[in-house]
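Asks: Submitted below is the structure of interest, expressed as structure tokens.
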Amino acid sequence: MASVLVVEDDQFVRSALIRQLSEASHTVRSVGTALEALREVAHFRFDVVILDLGLPDLDGSEALKMLRGITDVPVIIATARDDETEIVRLLHAGADDYLVKPFSVDHLSARMAAVLRRARSGGSEVPPSQVIRVGGLTVDPLRRQAELDGAPLDLTRREFDLLAFLAGRPGVVVPRKELLAEVWQQSYGDDQTIDVHLSWLRRKLGETAARPRYLHTLRGVGVKLEPPREPQP
């Protein structure tokens, strides 16, 4: 079953979704604001996010944009708005599917199953590739596993994609535009998206921007990954 984040400020709707999804054997966490949702996806792994548009702190469309900046987890929009133009805009903005309220849990479960099938089939298309080793860092793109000095790294999908892309080009300065195009599949975007992911990666690699070991940022140029200069323990 799936790990689900419900983002819904209406306590009655939220409680009903939690109960029904739990009864369907899904693991459910829930929040009532966009900022809480961002914190959740930053700290926990989810298979799918159910996102309400009418949130008290941010409109759901803005929340979707921010979510897409930090994660590629499938997002199903739950909305009372049935305007076709708005729905098309949300799908183009990164939503994987949508449901117009009110809807049944059976309908939601069917949409979730379809979204998860698409996400998992996409992930299975990763081509075979050689294990990458840079200093004490090991990255296996096929198995989507990474280790530092023999210890597994717990990375989100986007963190892994960023690390694997940079590790595959050790010592090469990669422009931010190239990172957006290759890792985020975007022709343009906010540099802060890259900075946030680099910050999370540095934390997991045991380094900081002030004292880098593997990840080095060249202001105004790009980012490179290279082995630490100090000897490995």
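Letters for chains follow the order of the structure tokens (A, B, ...), residue numbers begin at 1 for each chain, and ligand numbers begin at 1 in the order shown.
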Quick one: residues within 12 Å of Trp200 (chain A), only C-alpha atoms, excluding same-chain residues fewer than 3 positions away - as an mmCIF file with all heavy atoms, in the first residue's frame?
Replies:
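The file below, result_12.cif, is the result:
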data_model
loop_
_atom_site.group_PDB
_atom_site.id
_atom_site.type_symbol
_atom_site.label_atom_id
_atom_site.label_comp_id
_atom_site.auth_asym_id
_atom_site.auth_seq_id
_atom_site.Cartn_x
_atom_site.Cartn_y
_atom_site.Cartn_z
ATOM 1 N N ALA A 42 10.008 17.344 2.880
ATOM 2 C CA ALA A 42 11.448 17.502 3.063
ATOM 3 C C ALA A 42 12.020 16.467 4.026
ATOM 4 O O ALA A 42 13.207 16.137 3.946
ATOM 5 C CB ALA A 42 11.768 18.913 3.556
ATOM 6 N N HIS A 43 11.179 15.949 4.928
ATOM 7 C CA HIS A 43 11.676 15.055 5.970
ATOM 8 C C HIS A 43 11.180 13.622 5.865
ATOM 9 O O HIS A 43 11.741 12.737 6.508
ATOM 10 C CB HIS A 43 11.289 15.607 7.346
ATOM 11 C CG HIS A 43 12.021 16.864 7.708
ATOM 12 N ND1 HIS A 43 11.510 18.122 7.469
ATOM 13 C CD2 HIS A 43 13.244 17.049 8.263
ATOM 14 C CE1 HIS A 43 12.384 19.029 7.877
ATOM 15 N NE2 HIS A 43 13.427 18.416 8.353
ATOM 16 N N ILE A 70 11.007 20.981 -4.890
ATOM 17 C CA ILE A 70 11.811 20.173 -3.987
ATOM 18 C C ILE A 70 11.567 18.671 -4.099
ATOM 19 O O ILE A 70 12.320 17.889 -3.520
ATOM 20 C CB ILE A 70 11.610 20.608 -2.516
ATOM 21 C CG1 ILE A 70 10.164 20.388 -2.062
ATOM 22 C CG2 ILE A 70 12.020 22.056 -2.318
ATOM 23 C CD1 ILE A 70 9.952 20.627 -0.577
ATOM 24 N N LEU A 153 23.354 6.256 2.244
ATOM 25 C CA LEU A 153 22.813 7.606 2.330
ATOM 26 C C LEU A 153 21.312 7.556 2.099
ATOM 27 O O LEU A 153 20.847 6.939 1.130
ATOM 28 C CB LEU A 153 23.458 8.515 1.279
ATOM 29 C CG LEU A 153 24.938 8.845 1.485
ATOM 30 C CD1 LEU A 153 25.488 9.559 0.248
ATOM 31 C CD2 LEU A 153 25.131 9.704 2.724
ATOM 32 N N ASP A 154 20.549 8.174 2.980
ATOM 33 C CA ASP A 154 19.095 8.221 2.846
ATOM 34 C C ASP A 154 18.736 9.474 2.063
ATOM 35 O O ASP A 154 18.673 10.572 2.615
ATOM 36 C CB ASP A 154 18.439 8.237 4.228
ATOM 37 C CG ASP A 154 16.925 8.200 4.148
ATOM 38 O OD1 ASP A 154 16.391 7.824 3.078
ATOM 39 O OD2 ASP A 154 16.264 8.556 5.140
ATOM 40 N N LEU A 155 18.523 9.313 0.757
ATOM 41 C CA LEU A 155 18.294 10.451 -0.128
ATOM 42 C C LEU A 155 16.890 10.415 -0.709
ATOM 43 O O LEU A 155 16.343 9.340 -0.983
ATOM 44 C CB LEU A 155 19.304 10.436 -1.287
ATOM 45 C CG LEU A 155 20.785 10.415 -0.920
ATOM 46 C CD1 LEU A 155 21.629 10.298 -2.189
ATOM 47 C CD2 LEU A 155 21.180 11.661 -0.139
ATOM 48 N N THR A 156 16.309 11.587 -0.923
ATOM 49 C CA THR A 156 15.060 11.665 -1.677
ATOM 50 C C THR A 156 15.373 11.383 -3.137
ATOM 51 O O THR A 156 16.541 11.379 -3.556
ATOM 52 C CB THR A 156 14.422 13.057 -1.558
ATOM 53 O OG1 THR A 156 15.285 14.020 -2.188
ATOM 54 C CG2 THR A 156 14.197 13.437 -0.101
ATOM 55 N N ARG A 158 14.917 13.284 -5.745
ATOM 56 C CA ARG A 158 15.562 14.419 -6.399
ATOM 57 C C ARG A 158 16.991 14.601 -5.901
ATOM 58 O O ARG A 158 17.896 14.928 -6.680
ATOM 59 C CB ARG A 158 14.753 15.691 -6.169
ATOM 60 C CG ARG A 158 15.185 16.838 -7.040
ATOM 61 C CD ARG A 158 14.739 16.670 -8.472
ATOM 62 N NE ARG A 158 13.350 17.058 -8.640
ATOM 63 C CZ ARG A 158 12.661 16.898 -9.760
ATOM 64 N NH1 ARG A 158 13.220 16.344 -10.809
ATOM 65 N NH2 ARG A 158 11.392 17.270 -9.825
ATOM 66 N N GLU A 159 17.230 14.375 -4.617
ATOM 67 C CA GLU A 159 18.590 14.458 -4.091
ATOM 68 C C GLU A 159 19.482 13.428 -4.775
ATOM 69 O O GLU A 159 20.623 13.726 -5.144
ATOM 70 C CB GLU A 159 18.586 14.234 -2.579
ATOM 71 C CG GLU A 159 18.016 15.384 -1.779
ATOM 72 C CD GLU A 159 17.773 15.027 -0.323
ATOM 73 O OE1 GLU A 159 17.969 13.852 0.049
ATOM 74 O OE2 GLU A 159 17.363 15.920 0.428
ATOM 75 N N PHE A 160 18.951 12.206 -4.941
ATOM 76 C CA PHE A 160 19.750 11.167 -5.602
ATOM 77 C C PHE A 160 20.052 11.556 -7.044
ATOM 78 O O PHE A 160 21.188 11.388 -7.516
ATOM 79 C CB PHE A 160 19.033 9.820 -5.567
ATOM 80 C CG PHE A 160 19.834 8.719 -6.222
ATOM 81 C CD1 PHE A 160 20.747 7.993 -5.477
ATOM 82 C CD2 PHE A 160 19.701 8.447 -7.574
ATOM 83 C CE1 PHE A 160 21.524 7.000 -6.084
ATOM 84 C CE2 PHE A 160 20.473 7.471 -8.189
ATOM 85 C CZ PHE A 160 21.387 6.735 -7.435
ATOM 86 N N LEU A 162 20.304 14.492 -8.379
ATOM 87 C CA LEU A 162 21.297 15.561 -8.399
ATOM 88 C C LEU A 162 22.683 15.020 -8.091
ATOM 89 O O LEU A 162 23.660 15.336 -8.790
ATOM 90 C CB LEU A 162 20.904 16.642 -7.389
ATOM 91 C CG LEU A 162 21.862 17.826 -7.221
ATOM 92 C CD1 LEU A 162 22.083 18.553 -8.544
ATOM 93 C CD2 LEU A 162 21.334 18.790 -6.164
ATOM 94 N N LEU A 163 22.781 14.182 -7.060
ATOM 95 C CA LEU A 163 24.068 13.614 -6.693
ATOM 96 C C LEU A 163 24.630 12.745 -7.813
ATOM 97 O O LEU A 163 25.820 12.847 -8.161
ATOM 98 C CB LEU A 163 23.917 12.790 -5.414
ATOM 99 C CG LEU A 163 25.199 12.129 -4.899
ATOM 100 C CD1 LEU A 163 26.215 13.172 -4.473
ATOM 101 C CD2 LEU A 163 24.893 11.188 -3.731
ATOM 102 N N THR A 193 15.941 26.638 -5.754
ATOM 103 C CA THR A 193 15.626 25.214 -5.782
ATOM 104 C C THR A 193 16.904 24.388 -5.726
ATOM 105 O O THR A 193 17.009 23.425 -4.962
ATOM 106 C CB THR A 193 14.846 24.871 -7.064
ATOM 107 O OG1 THR A 193 13.598 25.543 -7.042
ATOM 108 C CG2 THR A 193 14.607 23.369 -7.171
ATOM 109 N N ILE A 194 17.893 24.766 -6.527
ATOM 110 C CA ILE A 194 19.170 24.050 -6.533
ATOM 111 C C ILE A 194 19.882 24.236 -5.200
ATOM 112 O O ILE A 194 20.409 23.285 -4.631
ATOM 113 C CB ILE A 194 20.049 24.547 -7.691
ATOM 114 C CG1 ILE A 194 19.379 24.249 -9.024
ATOM 115 C CG2 ILE A 194 21.437 23.905 -7.639
ATOM 116 C CD1 ILE A 194 20.105 24.822 -10.226
ATOM 117 N N ASP A 195 19.883 25.473 -4.695
ATOM 118 C CA ASP A 195 20.573 25.757 -3.431
ATOM 119 C C ASP A 195 20.012 24.934 -2.288
ATOM 120 O O ASP A 195 20.760 24.433 -1.440
ATOM 121 C CB ASP A 195 20.474 27.253 -3.097
ATOM 122 C CG ASP A 195 21.274 28.113 -4.054
ATOM 123 O OD1 ASP A 195 22.240 27.593 -4.645
ATOM 124 O OD2 ASP A 195 20.938 29.297 -4.215
ATOM 125 N N VAL A 196 18.675 24.789 -2.237
ATOM 126 C CA VAL A 196 18.046 24.015 -1.165
ATOM 127 C C VAL A 196 18.489 22.556 -1.240
ATOM 128 O O VAL A 196 18.859 21.950 -0.225
ATOM 129 C CB VAL A 196 16.510 24.123 -1.250
ATOM 130 C CG1 VAL A 196 15.847 23.093 -0.344
ATOM 131 C CG2 VAL A 196 16.052 25.520 -0.857
ATOM 132 N N HIS A 197 18.486 21.977 -2.427
ATOM 133 C CA HIS A 197 18.885 20.578 -2.568
ATOM 134 C C HIS A 197 20.371 20.386 -2.286
ATOM 135 O O HIS A 197 20.773 19.371 -1.693
ATOM 136 C CB HIS A 197 18.521 20.072 -3.963
ATOM 137 C CG HIS A 197 17.077 19.711 -4.101
ATOM 138 N ND1 HIS A 197 16.102 20.648 -4.312
ATOM 139 C CD2 HIS A 197 16.441 18.515 -4.022
ATOM 140 C CE1 HIS A 197 14.929 20.059 -4.379
ATOM 141 N NE2 HIS A 197 15.104 18.767 -4.193
ATOM 142 N N ARG A 203 24.438 18.366 3.978
ATOM 143 C CA ARG A 203 24.172 17.893 5.334
ATOM 144 C C ARG A 203 24.335 16.380 5.403
ATOM 145 O O ARG A 203 24.921 15.848 6.348
ATOM 146 C CB ARG A 203 22.752 18.302 5.733
ATOM 147 C CG ARG A 203 22.420 18.072 7.204
ATOM 148 C CD ARG A 203 20.985 18.471 7.487
ATOM 149 N NE ARG A 203 20.671 19.788 6.953
ATOM 150 C CZ ARG A 203 19.439 20.214 6.701
ATOM 151 N NH1 ARG A 203 18.413 19.408 6.908
ATOM 152 N NH2 ARG A 203 19.235 21.428 6.230
ATOM 153 N N LYS A 204 23.849 15.671 4.391
ATOM 154 C CA LYS A 204 23.915 14.213 4.401
ATOM 155 C C LYS A 204 25.325 13.705 4.075
ATOM 156 O O LYS A 204 25.673 12.568 4.416
ATOM 157 C CB LYS A 204 22.884 13.646 3.434
ATOM 158 C CG LYS A 204 21.454 13.908 3.921
ATOM 159 C CD LYS A 204 20.385 13.427 2.960
ATOM 160 C CE LYS A 204 19.000 13.733 3.518
ATOM 161 N NZ LYS A 204 17.907 13.275 2.618
ATOM 162 N N LEU A 205 26.127 14.541 3.409
ATOM 163 C CA LEU A 205 27.512 14.186 3.123
ATOM 164 C C LEU A 205 28.450 14.642 4.245
ATOM 165 O O LEU A 205 29.663 14.453 4.155
ATOM 166 C CB LEU A 205 27.957 14.799 1.795
ATOM 167 C CG LEU A 205 27.273 14.259 0.533
ATOM 168 C CD1 LEU A 205 27.694 15.056 -0.688
ATOM 169 C CD2 LEU A 205 27.585 12.779 0.336
ATOM 170 N N GLY A 206 27.891 15.256 5.290
ATOM 171 C CA GLY A 206 28.691 15.678 6.427
ATOM 172 C C GLY A 206 29.555 16.887 6.162
ATOM 173 O O GLY A 206 30.673 16.998 6.686
ATOM 174 N N GLU A 207 29.059 17.820 5.357
ATOM 175 C CA GLU A 207 29.826 19.021 5.038
ATOM 176 C C GLU A 207 28.918 20.237 5.053
ATOM 177 O O GLU A 207 27.709 20.126 5.237
ATOM 178 C CB GLU A 207 30.490 18.887 3.662
ATOM 179 C CG GLU A 207 29.480 18.717 2.524
ATOM 180 C CD GLU A 207 30.171 18.539 1.174
ATOM 181 O OE1 GLU A 207 30.831 17.496 0.962
ATOM 182 O OE2 GLU A 207 30.068 19.453 0.342
ATOM 183 N N THR A 208 29.505 21.409 4.883
ATOM 184 C CA THR A 208 28.751 22.659 4.804
ATOM 185 C C THR A 208 29.259 23.462 3.627
ATOM 186 O O THR A 208 30.326 23.165 3.059
ATOM 187 C CB THR A 208 28.927 23.501 6.089
ATOM 188 O OG1 THR A 208 30.303 23.917 6.192
ATOM 189 C CG2 THR A 208 28.520 22.717 7.329
ATOM 190 N N ALA A 209 28.502 24.503 3.259
ATOM 191 C CA ALA A 209 28.942 25.366 2.164
ATOM 192 C C ALA A 209 30.247 26.072 2.521
ATOM 193 O O ALA A 209 31.100 26.305 1.660
ATOM 194 C CB ALA A 209 27.851 26.389 1.837
ATOM 195 N N LEU A 215 31.044 18.746 -2.543
ATOM 196 C CA LEU A 215 30.260 19.679 -3.356
ATOM 197 C C LEU A 215 30.826 21.093 -3.265
ATOM 198 O O LEU A 215 30.922 21.658 -2.175
ATOM 199 C CB LEU A 215 28.801 19.665 -2.894
ATOM 200 C CG LEU A 215 28.048 18.349 -3.104
ATOM 201 C CD1 LEU A 215 26.715 18.377 -2.371
ATOM 202 C CD2 LEU A 215 27.835 18.090 -4.589
#
Asks: Do you know which residues are at most 10 Å from Glu226 (chain A) counting only C-alpha atoms, after dropping those on the same chain fewer than 4 positions away, and could you put them as a PDB file with all heavy atoms, in the first residue's frame?
Replies:
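Saved file out_26.pdb follows:
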ATOM      1  N   VAL A 134      33.603   8.242  -6.325  1.00  0.00           N
ATOM      2  CA  VAL A 134      34.346   9.492  -6.219  1.00  0.00           C
ATOM      3  C   VAL A 134      34.803   9.616  -4.774  1.00  0.00           C
ATOM      4  O   VAL A 134      33.994   9.869  -3.881  1.00  0.00           O
ATOM      5  CB  VAL A 134      33.481  10.718  -6.602  1.00  0.00           C
ATOM      6  CG1 VAL A 134      34.313  11.993  -6.541  1.00  0.00           C
ATOM      7  CG2 VAL A 134      32.885  10.552  -7.998  1.00  0.00           C
ATOM      8  N   GLY A 135      36.099   9.408  -4.529  1.00  0.00           N
ATOM      9  CA  GLY A 135      36.582   9.384  -3.160  1.00  0.00           C
ATOM     10  C   GLY A 135      35.883   8.284  -2.387  1.00  0.00           C
ATOM     11  O   GLY A 135      35.814   7.131  -2.831  1.00  0.00           O
ATOM     12  N   LEU A 137      32.722   8.199  -1.845  1.00  0.00           N
ATOM     13  CA  LEU A 137      31.327   8.214  -2.281  1.00  0.00           C
ATOM     14  C   LEU A 137      31.099   7.189  -3.380  1.00  0.00           C
ATOM     15  O   LEU A 137      31.853   7.126  -4.360  1.00  0.00           O
ATOM     16  CB  LEU A 137      30.978   9.610  -2.797  1.00  0.00           C
ATOM     17  CG  LEU A 137      29.537   9.877  -3.240  1.00  0.00           C
ATOM     18  CD1 LEU A 137      28.586   9.783  -2.064  1.00  0.00           C
ATOM     19  CD2 LEU A 137      29.452  11.254  -3.893  1.00  0.00           C
ATOM     20  N   LEU A 166      25.946  14.871 -10.799  1.00  0.00           N
ATOM     21  CA  LEU A 166      27.231  15.522 -10.521  1.00  0.00           C
ATOM     22  C   LEU A 166      28.355  14.502 -10.381  1.00  0.00           C
ATOM     23  O   LEU A 166      29.471  14.718 -10.860  1.00  0.00           O
ATOM     24  CB  LEU A 166      27.120  16.365  -9.250  1.00  0.00           C
ATOM     25  CG  LEU A 166      26.233  17.612  -9.343  1.00  0.00           C
ATOM     26  CD1 LEU A 166      26.022  18.211  -7.959  1.00  0.00           C
ATOM     27  CD2 LEU A 166      26.844  18.647 -10.286  1.00  0.00           C
ATOM     28  N   ALA A 167      28.064  13.364  -9.724  1.00  0.00           N
ATOM     29  CA  ALA A 167      29.090  12.339  -9.533  1.00  0.00           C
ATOM     30  C   ALA A 167      29.534  11.728 -10.854  1.00  0.00           C
ATOM     31  O   ALA A 167      30.671  11.280 -10.995  1.00  0.00           O
ATOM     32  CB  ALA A 167      28.574  11.243  -8.595  1.00  0.00           C
ATOM     33  N   ARG A 169      30.138  13.332 -13.397  1.00  0.00           N
ATOM     34  CA  ARG A 169      31.013  14.320 -14.046  1.00  0.00           C
ATOM     35  C   ARG A 169      31.997  14.873 -13.023  1.00  0.00           C
ATOM     36  O   ARG A 169      32.044  16.077 -12.778  1.00  0.00           O
ATOM     37  CB  ARG A 169      30.158  15.458 -14.636  1.00  0.00           C
ATOM     38  CG  ARG A 169      29.212  14.976 -15.725  1.00  0.00           C
ATOM     39  CD  ARG A 169      27.980  15.846 -15.828  1.00  0.00           C
ATOM     40  NE  ARG A 169      27.061  15.325 -16.838  1.00  0.00           N
ATOM     41  CZ  ARG A 169      26.254  14.287 -16.644  1.00  0.00           C
ATOM     42  NH1 ARG A 169      26.236  13.665 -15.480  1.00  0.00           N
ATOM     43  NH2 ARG A 169      25.461  13.853 -17.608  1.00  0.00           N
ATOM     44  N   PRO A 170      32.779  14.012 -12.379  1.00  0.00           N
ATOM     45  CA  PRO A 170      33.643  14.468 -11.285  1.00  0.00           C
ATOM     46  C   PRO A 170      34.640  15.537 -11.748  1.00  0.00           C
ATOM     47  O   PRO A 170      35.286  15.394 -12.794  1.00  0.00           O
ATOM     48  CB  PRO A 170      34.367  13.193 -10.842  1.00  0.00           C
ATOM     49  CG  PRO A 170      34.282  12.273 -12.016  1.00  0.00           C
ATOM     50  CD  PRO A 170      32.985  12.585 -12.689  1.00  0.00           C
ATOM     51  N   GLY A 171      34.736  16.615 -10.969  1.00  0.00           N
ATOM     52  CA  GLY A 171      35.666  17.686 -11.273  1.00  0.00           C
ATOM     53  C   GLY A 171      35.195  18.664 -12.328  1.00  0.00           C
ATOM     54  O   GLY A 171      35.863  19.666 -12.592  1.00  0.00           O
ATOM     55  N   VAL A 172      34.031  18.392 -12.926  1.00  0.00           N
ATOM     56  CA  VAL A 172      33.500  19.262 -13.988  1.00  0.00           C
ATOM     57  C   VAL A 172      32.516  20.255 -13.369  1.00  0.00           C
ATOM     58  O   VAL A 172      31.607  19.855 -12.647  1.00  0.00           O
ATOM     59  CB  VAL A 172      32.788  18.431 -15.081  1.00  0.00           C
ATOM     60  CG1 VAL A 172      32.148  19.354 -16.114  1.00  0.00           C
ATOM     61  CG2 VAL A 172      33.783  17.486 -15.736  1.00  0.00           C
ATOM     62  N   VAL A 173      32.684  21.533 -13.678  1.00  0.00           N
ATOM     63  CA  VAL A 173      31.748  22.541 -13.198  1.00  0.00           C
ATOM     64  C   VAL A 173      30.501  22.501 -14.079  1.00  0.00           C
ATOM     65  O   VAL A 173      30.570  22.757 -15.280  1.00  0.00           O
ATOM     66  CB  VAL A 173      32.375  23.952 -13.235  1.00  0.00           C
ATOM     67  CG1 VAL A 173      31.360  24.985 -12.746  1.00  0.00           C
ATOM     68  CG2 VAL A 173      33.627  23.999 -12.366  1.00  0.00           C
ATOM     69  N   ARG A 213      33.475  19.445   1.170  1.00  0.00           N
ATOM     70  CA  ARG A 213      34.373  18.313   0.928  1.00  0.00           C
ATOM     71  C   ARG A 213      34.173  17.784  -0.495  1.00  0.00           C
ATOM     72  O   ARG A 213      35.113  17.675  -1.257  1.00  0.00           O
ATOM     73  CB  ARG A 213      34.128  17.188   1.937  1.00  0.00           C
ATOM     74  CG  ARG A 213      34.429  17.576   3.390  1.00  0.00           C
ATOM     75  CD  ARG A 213      34.239  16.391   4.323  1.00  0.00           C
ATOM     76  NE  ARG A 213      35.204  15.333   4.085  1.00  0.00           N
ATOM     77  CZ  ARG A 213      34.903  14.062   3.843  1.00  0.00           C
ATOM     78  NH1 ARG A 213      33.635  13.679   3.778  1.00  0.00           N
ATOM     79  NH2 ARG A 213      35.856  13.157   3.657  1.00  0.00           N
ATOM     80  N   TYR A 214      32.932  17.453  -0.838  1.00  0.00           N
ATOM     81  CA  TYR A 214      32.625  16.932  -2.167  1.00  0.00           C
ATOM     82  C   TYR A 214      31.981  17.985  -3.075  1.00  0.00           C
ATOM     83  O   TYR A 214      32.312  18.061  -4.263  1.00  0.00           O
ATOM     84  CB  TYR A 214      31.678  15.729  -2.046  1.00  0.00           C
ATOM     85  CG  TYR A 214      32.338  14.471  -1.547  1.00  0.00           C
ATOM     86  CD1 TYR A 214      32.356  14.161  -0.190  1.00  0.00           C
ATOM     87  CD2 TYR A 214      32.943  13.578  -2.433  1.00  0.00           C
ATOM     88  CE1 TYR A 214      32.966  13.005   0.274  1.00  0.00           C
ATOM     89  CE2 TYR A 214      33.557  12.422  -1.979  1.00  0.00           C
ATOM     90  CZ  TYR A 214      33.575  12.136  -0.622  1.00  0.00           C
ATOM     91  OH  TYR A 214      34.186  10.995  -0.165  1.00  0.00           O
ATOM     92  N   LEU A 215      31.044  18.746  -2.543  1.00  0.00           N
ATOM     93  CA  LEU A 215      30.260  19.679  -3.356  1.00  0.00           C
ATOM     94  C   LEU A 215      30.826  21.093  -3.265  1.00  0.00           C
ATOM     95  O   LEU A 215      30.922  21.658  -2.175  1.00  0.00           O
ATOM     96  CB  LEU A 215      28.801  19.665  -2.894  1.00  0.00           C
ATOM     97  CG  LEU A 215      28.048  18.349  -3.104  1.00  0.00           C
ATOM     98  CD1 LEU A 215      26.715  18.377  -2.371  1.00  0.00           C
ATOM     99  CD2 LEU A 215      27.835  18.090  -4.589  1.00  0.00           C
ATOM    100  N   HIS A 216      31.157  21.641  -4.421  1.00  0.00           N
ATOM    101  CA  HIS A 216      31.763  22.968  -4.468  1.00  0.00           C
ATOM    102  C   HIS A 216      30.948  23.869  -5.403  1.00  0.00           C
ATOM    103  O   HIS A 216      30.694  23.502  -6.562  1.00  0.00           O
ATOM    104  CB  HIS A 216      33.205  22.890  -4.968  1.00  0.00           C
ATOM    105  CG  HIS A 216      34.085  22.036  -4.098  1.00  0.00           C
ATOM    106  ND1 HIS A 216      34.892  22.544  -3.104  1.00  0.00           N
ATOM    107  CD2 HIS A 216      34.258  20.688  -4.071  1.00  0.00           C
ATOM    108  CE1 HIS A 216      35.538  21.562  -2.506  1.00  0.00           C
ATOM    109  NE2 HIS A 216      35.166  20.415  -3.068  1.00  0.00           N
TER     110      HIS A 216
END
Asks: Report the closest atom pair, with its distance in Å rounded to one decimal, for each residue of region 71-150 of chain A that has an atom no farther than 12 Å from region 56-67 of chain A; count only C-alpha atoms, sort by chain and then rising residue number, and write it as CSV.
Replies:
residue,atom,partner,partner_atom,distance
A:Thr71,CA,A:Leu67,CA,5.9
A:Asp72,CA,A:Leu67,CA,7.9
A:Val73,CA,A:Leu67,CA,8.6
A:Pro74,CA,A:Leu67,CA,10.2
A:Val75,CA,A:Leu64,CA,8.1
A:Ile76,CA,A:Leu64,CA,9.9
A:Ile77,CA,A:Gly60,CA,8.4
A:Ala78,CA,A:Gly60,CA,9.5
A:Thr79,CA,A:Gly60,CA,9.1
A:Ala80,CA,A:Gly60,CA,11.8
A:Arg81,CA,A:Gly60,CA,11.5
A:Glu86,CA,A:Ser61,CA,9.4
A:Ile87,CA,A:Ser61,CA,10.1
A:Val88,CA,A:Ser61,CA,11.7
A:Arg89,CA,A:Ser61,CA,9.1
A:Leu90,CA,A:Ser61,CA,6.8
A:Leu91,CA,A:Leu64,CA,10.1
A:His92,CA,A:Lys65,CA,10.6
A:Ala93,CA,A:Lys65,CA,6.8
A:Gly94,CA,A:Leu64,CA,7.3
A:Ala95,CA,A:Leu64,CA,7.3
A:Asp96,CA,A:Leu64,CA,10.7
Asks: Those residues you just picked out, can you put them in a file as a compact mmCIF listing (two decimals), in the first residue's frame with N, CA, C and O atoms?
Replies:
# COMPACT_ATOMS: atom_id res chain seq x y z
N THR A 71 10.53 18.26 -4.83
CA THR A 71 10.25 16.83 -4.93
C THR A 71 9.50 16.51 -6.21
O THR A 71 8.79 17.36 -6.76
N ASP A 72 9.66 15.27 -6.69
CA ASP A 72 8.89 14.83 -7.85
C ASP A 72 7.85 13.78 -7.45
O ASP A 72 7.37 13.02 -8.28
N VAL A 73 7.49 13.75 -6.15
CA VAL A 73 6.45 12.84 -5.69
C VAL A 73 5.15 13.13 -6.44
O VAL A 73 4.82 14.29 -6.70
N PRO A 74 4.42 12.09 -6.86
CA PRO A 74 3.14 12.33 -7.55
C PRO A 74 2.18 13.14 -6.70
O PRO A 74 2.04 12.89 -5.49
N VAL A 75 1.52 14.13 -7.32
CA VAL A 75 0.58 15.01 -6.63
C VAL A 75 -0.79 14.92 -7.30
O VAL A 75 -0.90 15.12 -8.51
N ILE A 76 -1.81 14.60 -6.50
CA ILE A 76 -3.19 14.60 -6.98
C ILE A 76 -3.89 15.81 -6.37
O ILE A 76 -3.93 15.96 -5.15
N ILE A 77 -4.41 16.68 -7.21
CA ILE A 77 -5.11 17.87 -6.74
C ILE A 77 -6.54 17.49 -6.34
O ILE A 77 -7.24 16.83 -7.09
N ALA A 78 -6.96 17.91 -5.15
CA ALA A 78 -8.34 17.74 -4.71
C ALA A 78 -8.96 19.14 -4.64
O ALA A 78 -8.51 19.98 -3.87
N THR A 79 -9.96 19.40 -5.47
CA THR A 79 -10.46 20.76 -5.60
C THR A 79 -11.97 20.79 -5.79
O THR A 79 -12.56 19.85 -6.33
N ALA A 80 -12.56 21.87 -5.32
CA ALA A 80 -13.97 22.11 -5.59
C ALA A 80 -14.15 22.89 -6.88
O ALA A 80 -15.27 23.10 -7.34
N ARG A 81 -13.03 23.32 -7.47
CA ARG A 81 -13.07 24.10 -8.71
C ARG A 81 -13.11 23.15 -9.90
O ARG A 81 -12.25 22.30 -10.04
N GLU A 86 -8.42 26.12 -15.46
CA GLU A 86 -7.63 26.02 -14.24
C GLU A 86 -7.03 24.62 -14.07
O GLU A 86 -5.86 24.47 -13.70
N ILE A 87 -7.81 23.61 -14.36
CA ILE A 87 -7.34 22.24 -14.23
C ILE A 87 -6.19 21.97 -15.20
O ILE A 87 -5.17 21.38 -14.84
N VAL A 88 -6.34 22.41 -16.45
CA VAL A 88 -5.27 22.23 -17.44
C VAL A 88 -4.00 22.95 -16.98
O VAL A 88 -2.89 22.43 -17.12
N ARG A 89 -4.16 24.16 -16.44
CA ARG A 89 -3.01 24.92 -15.96
C ARG A 89 -2.28 24.17 -14.84
O ARG A 89 -1.04 24.11 -14.81
N LEU A 90 -3.03 23.56 -13.94
CA LEU A 90 -2.43 22.82 -12.85
C LEU A 90 -1.70 21.57 -13.35
O LEU A 90 -0.62 21.23 -12.85
N LEU A 91 -2.27 20.90 -14.32
CA LEU A 91 -1.61 19.73 -14.89
C LEU A 91 -0.29 20.13 -15.57
O LEU A 91 0.72 19.44 -15.45
N HIS A 92 -0.31 21.27 -16.27
CA HIS A 92 0.92 21.76 -16.90
C HIS A 92 1.93 22.19 -15.83
O HIS A 92 3.15 22.15 -16.07
N ALA A 93 1.43 22.63 -14.67
CA ALA A 93 2.32 23.10 -13.60
C ALA A 93 2.95 21.96 -12.81
O ALA A 93 3.79 22.20 -11.94
N GLY A 94 2.55 20.72 -13.10
CA GLY A 94 3.20 19.59 -12.44
C GLY A 94 2.30 18.65 -11.69
O GLY A 94 2.76 17.66 -11.12
N ALA A 95 0.99 18.93 -11.65
CA ALA A 95 0.07 17.98 -11.01
C ALA A 95 -0.01 16.71 -11.86
O ALA A 95 0.05 16.77 -13.09
N ASP A 96 -0.15 15.58 -11.19
CA ASP A 96 -0.24 14.30 -11.91
C ASP A 96 -1.67 13.92 -12.23
O ASP A 96 -1.94 13.20 -13.19
Asks: I'd like to know which residues of region 96-158 of chain A are alpha helix (DSSP H) (by DSSP, run on the backbone); could you write them as a list in words?
Replies: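 Matching residues for alpha helix (DSSP H) in region 96-158 of chain A are Val105, Asp106, His107, Leu108, Ser109, Ala110, Arg111, Met112, Ala113, Ala114, Val115, Leu116, Arg117, Arg118, Ala119, Arg120, Ser121, Gly122, Gly123, Arg157 and Arg158 of chain A.
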Asks: Among region 50-118 of chain A, which ones does DSSP assign to strand (DSSP E) (computed from the backbone)? Answer as a list of chain:residue names.
Replies: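 So, restricting region 50-118 of chain A to strand (DSSP E), we get A:Ile50, A:Leu51, A:Asp52, A:Val75, A:Ile76, A:Ile77, A:Ala78, A:Thr79, A:Asp97, A:Tyr98, A:Leu99, A:Val100.
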